[in-house]
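J.: Could you have a look at this structure, given as structure tokens, before my questions?
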Amino acid sequence: MYKAFLIKYAEIGVKGKNRELFEEALVKQIKYALKRCEGSFSVRRTRGRIYIDVLSEYDYGETIGNLKTVCGISAICPMVQTQDKGFDSLCQTVTDYVDGQYPKKSFSFKVQTRRARKNYPMDSMEVNAAVGEKLLEKFPQLCVDVHKPDVMIHIEIRENIYIYSTEIPGPGGMPVGTNGKAMLLLSGGIDSPVAGYMVAKRGVKIDAVYFHAPPYTGERAKQKVVDLARLVARYSGPVYLHVINFTDIQLAIYDKCPREELTIIMRRYMMRIAQEIAQKTGCLGLVTGESIGQVASQTMQSLAVTNEVCTMPVFRPCIGLDKQEIVELSEKIGTYETSILPFEDCCTIFVAKHPVTKPNLQVIKRHEENLQDCIEEMVQKALETEELIIADV
């Protein structure tokens, strides 16, 4: 049972004078993730290193699982820590560690020492050679490979001595909250939760908006979206989900606009509403799960017409991914099984049989004029009657 973990990061290390701010943000997110775990932990930071000390009984699998959702972590290293009681004690600790960690000793290894405490009586190369020699004496079936070892045994000599050989990959990226906030247009599909995860991984705090169309979409469809928001919240922190009743607007578009343009015009009004909520809540941009050419409303021409209604940036992190790549990401973050539940959202119900794939902006605007007598009032009502749900883990 490991009593400590070393947390590694990647991009944060090149942040120069702002590095400490990013490290502090990462520590905050680690503490948030550890609150979901049984047990008590202490998180401490030194320059270039973040350590987690285990203070009580805990569930190792649960702890690793939650740490793997922290954006900014590149690797989680379960480690043994010991006080400096002389070189013989260090060698004994390393051999005990290898014996317990690897029941089968038929592998190659390399010892790599980092000596942050320069008053240690041996330099890094001397420690590497001497510890390696002790391991070969203790376990003759081992062999040394300094180029491509099966196992890399790390020794860090600091105020204490830390030993580890396992690096569990984290999501990487930047700590959530270090790059502003954005509004995610969240549907019940596969793509938009992945888009939310990808933007959160770049340090962006996520709010979300969902367009509900009762009675055409039921409570189970809404609950599906709430569940997806909670799954995204494992990576992004609590998601403020704005549920908008879109039924009246959709019916008006259905009655007054050409059938082949229904999806495009609906998307334009969704973007208008999402932008208004985003501006009120301090978001700096919109996020969607669109991918070029995946459906009729996601051709280059359709995306250009949709974008025209927005004054703030629209981020589409899935834009260059194909469907299989998006599915694989959704499986990785745990949203796929929820996304494929058979509860329709408002877009799929009102979709046209033969939607336009190359819409003309001027034609779309002309047909939107058919809505002038009612649309502003409907949009205002939708905004005034929104339901706010805080989706958290």
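Every chain in the structure tokens takes a letter, A first, then B, and so on in the order presented; its residues are numbered from 1, and the ligands are numbered from 1 following the presented order.
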Using only C-alpha atoms, which protein or nucleic acid residues come within 8 Å of Arg316 in chain A? Drop anything in the same chain fewer than 5 positions from it, and give the result as a list in words.

T.: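 Once the nearby chain positions are removed, what remains is Ala195, Val287, Thr288, Gly289, Glu290 and Ser291 of chain A.
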
J.: Determine, using only C-alpha atoms, which residues of range 233-266 of chain A have any atom at most 7 Å from an atom of range 360-376 of chain A, and tabulate each with its shortest atom pair and distance in Å to one decimal place, rows ordered by chain and then rising number, as CSV.

T.:
```
residue,atom,partner,partner_atom,distance
A:Ile249,CA,A:Ile375,CA,6.9
A:Lys256,CA,A:Asn370,CA,5.9
A:Cys257,CA,A:His367,CA,6.0
```

J.: Mind dumping the selected residues with N, CA, C and O atoms as a PDB file, in the first residue's frame?

T.:
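What follows is the written file out34.pdb:
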```
ATOM      1  N   ILE A 249     -40.291  28.064 -29.886  1.00  0.00           N
ATOM      2  CA  ILE A 249     -39.425  28.563 -30.963  1.00  0.00           C
ATOM      3  C   ILE A 249     -39.335  27.536 -32.087  1.00  0.00           C
ATOM      4  O   ILE A 249     -39.446  27.878 -33.284  1.00  0.00           O
ATOM      5  N   LYS A 256     -43.287  28.373 -40.057  1.00  0.00           N
ATOM      6  CA  LYS A 256     -43.095  29.568 -40.872  1.00  0.00           C
ATOM      7  C   LYS A 256     -41.886  29.530 -41.811  1.00  0.00           C
ATOM      8  O   LYS A 256     -41.698  30.449 -42.615  1.00  0.00           O
ATOM      9  N   CYS A 257     -41.042  28.496 -41.703  1.00  0.00           N
ATOM     10  CA  CYS A 257     -39.817  28.455 -42.502  1.00  0.00           C
ATOM     11  C   CYS A 257     -39.776  27.184 -43.359  1.00  0.00           C
ATOM     12  O   CYS A 257     -40.408  26.178 -43.008  1.00  0.00           O
TER      13      CYS A 257
END
```

J.: As a list of chain:residue names, please: the residues near Val43 in chain A (cut-off 8 Å, only C-alpha atoms, same-chain neighbours under 5 positions excluded).

T.: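 Once the adjacent positions are removed, what remains is A:Val27, A:Ile30, A:Lys31, A:Ile50, A:Tyr51, A:Ile52, A:Asp53.
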
J.: Enumerate the residues of range 188-221 of chain A with a DSSP assignment of helix (DSSP H, G or I), computed from the backbone, and present them as a PyMOL selection string.

T.: chain A and resi 191-200+219-221

J.: Pull N, CA, C and O atoms from the residues just selected and write them as an mmCIF file, in the first residue's frame.

T.:
```
data_model
loop_
_atom_site.group_PDB
_atom_site.id
_atom_site.type_symbol
_atom_site.label_atom_id
_atom_site.label_comp_id
_atom_site.auth_asym_id
_atom_site.auth_seq_id
_atom_site.Cartn_x
_atom_site.Cartn_y
_atom_site.Cartn_z
ATOM 1 N N ASP A 191 -21.031 13.812 -29.282
ATOM 2 C CA ASP A 191 -19.986 14.781 -29.591
ATOM 3 C C ASP A 191 -19.812 15.881 -28.552
ATOM 4 O O ASP A 191 -18.692 16.225 -28.180
ATOM 5 N N SER A 192 -20.921 16.478 -28.099
ATOM 6 C CA SER A 192 -20.792 17.669 -27.254
ATOM 7 C C SER A 192 -20.135 17.384 -25.890
ATOM 8 O O SER A 192 -19.348 18.226 -25.426
ATOM 9 N N PRO A 193 -20.396 16.243 -25.222
ATOM 10 C CA PRO A 193 -19.641 15.995 -23.983
ATOM 11 C C PRO A 193 -18.136 15.878 -24.231
ATOM 12 O O PRO A 193 -17.332 16.331 -23.411
ATOM 13 N N VAL A 194 -17.755 15.286 -25.371
ATOM 14 C CA VAL A 194 -16.335 15.190 -25.718
ATOM 15 C C VAL A 194 -15.748 16.579 -25.927
ATOM 16 O O VAL A 194 -14.634 16.884 -25.472
ATOM 17 N N ALA A 195 -16.503 17.454 -26.600
ATOM 18 C CA ALA A 195 -16.041 18.826 -26.803
ATOM 19 C C ALA A 195 -15.836 19.532 -25.467
ATOM 20 O O ALA A 195 -14.850 20.262 -25.276
ATOM 21 N N GLY A 196 -16.767 19.322 -24.534
ATOM 22 C CA GLY A 196 -16.621 19.920 -23.210
ATOM 23 C C GLY A 196 -15.377 19.438 -22.501
ATOM 24 O O GLY A 196 -14.639 20.224 -21.893
ATOM 25 N N TYR A 197 -15.112 18.132 -22.577
ATOM 26 C CA TYR A 197 -13.903 17.567 -21.964
ATOM 27 C C TYR A 197 -12.644 18.160 -22.586
ATOM 28 O O TYR A 197 -11.703 18.540 -21.879
ATOM 29 N N MET A 198 -12.630 18.257 -23.923
ATOM 30 C CA MET A 198 -11.428 18.734 -24.603
ATOM 31 C C MET A 198 -11.117 20.187 -24.263
ATOM 32 O O MET A 198 -9.947 20.578 -24.132
ATOM 33 N N VAL A 199 -12.159 21.003 -24.101
ATOM 34 C CA VAL A 199 -11.938 22.405 -23.739
ATOM 35 C C VAL A 199 -11.530 22.512 -22.264
ATOM 36 O O VAL A 199 -10.654 23.300 -21.903
ATOM 37 N N ALA A 200 -12.156 21.695 -21.402
ATOM 38 C CA ALA A 200 -11.759 21.686 -19.988
ATOM 39 C C ALA A 200 -10.292 21.305 -19.846
ATOM 40 O O ALA A 200 -9.566 21.844 -19.004
ATOM 41 N N GLU A 219 -38.793 13.838 -19.904
ATOM 42 C CA GLU A 219 -37.920 14.057 -18.755
ATOM 43 C C GLU A 219 -36.706 13.136 -18.781
ATOM 44 O O GLU A 219 -35.640 13.492 -18.280
ATOM 45 N N ARG A 220 -36.865 11.952 -19.375
ATOM 46 C CA ARG A 220 -35.716 11.044 -19.442
ATOM 47 C C ARG A 220 -34.636 11.611 -20.355
ATOM 48 O O ARG A 220 -33.443 11.417 -20.114
ATOM 49 N N ALA A 221 -35.050 12.312 -21.424
ATOM 50 C CA ALA A 221 -34.066 12.955 -22.299
ATOM 51 C C ALA A 221 -33.312 14.051 -21.552
ATOM 52 O O ALA A 221 -32.086 14.195 -21.690
#
```

J.: Can you build me a table of range 139-235 of chain A residues sitting at most 9 Å from range 98-109 of chain A, with the closest atom pair per residue and its distance in Å to one decimal, using only C-alpha atoms, sorted by chain and residue number, as a Markdown table?

T.:
```
| residue | atom | partner | partner_atom | distance |
| --- | --- | --- | --- | --- |
| A:Phe139 | CA | A:Lys105 | CA | 7.1 |
| A:Pro140 | CA | A:Lys105 | CA | 8.7 |
| A:Gln141 | CA | A:Ser106 | CA | 5.8 |
| A:Leu142 | CA | A:Ser106 | CA | 5.6 |
| A:Cys143 | CA | A:Ser108 | CA | 4.7 |
| A:Val144 | CA | A:Phe109 | CA | 5.1 |
| A:Asp145 | CA | A:Ser108 | CA | 5.7 |
| A:Val146 | CA | A:Phe109 | CA | 7.4 |
| A:Lys148 | CA | A:Ser108 | CA | 8.4 |
| A:Pro149 | CA | A:Phe109 | CA | 4.8 |
| A:Asp150 | CA | A:Ser108 | CA | 5.1 |
| A:Val151 | CA | A:Phe109 | CA | 4.7 |
| A:Met152 | CA | A:Phe109 | CA | 5.7 |
| A:Ile153 | CA | A:Phe109 | CA | 7.1 |
| A:Ser165 | CA | A:Val98 | CA | 8.9 |
```

J.: Keeping only C-alpha atoms, write the selected residues as a CSV table (one decimal), in the first residue's frame.

T.:
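Saved the output as selection_38.csv:
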```csv
chain,number,residue,atom,x,y,z
A,139,PHE,CA,18.3,-10.6,-7.8
A,140,PRO,CA,20.7,-12.2,-10.2
A,141,GLN,CA,18.0,-12.9,-12.8
A,142,LEU,CA,17.7,-9.2,-13.5
A,143,CYS,CA,19.8,-7.4,-16.1
A,144,VAL,CA,20.7,-3.8,-16.8
A,145,ASP,CA,19.6,-2.0,-20.0
A,146,VAL,CA,20.4,1.7,-19.9
A,148,LYS,CA,15.4,0.6,-23.3
A,149,PRO,CA,14.8,-0.9,-19.9
A,150,ASP,CA,11.6,-2.7,-19.0
A,151,VAL,CA,11.5,-0.9,-15.7
A,152,MET,CA,12.9,2.5,-14.8
A,153,ILE,CA,13.6,2.8,-11.1
A,165,SER,CA,8.9,3.0,-11.0
```
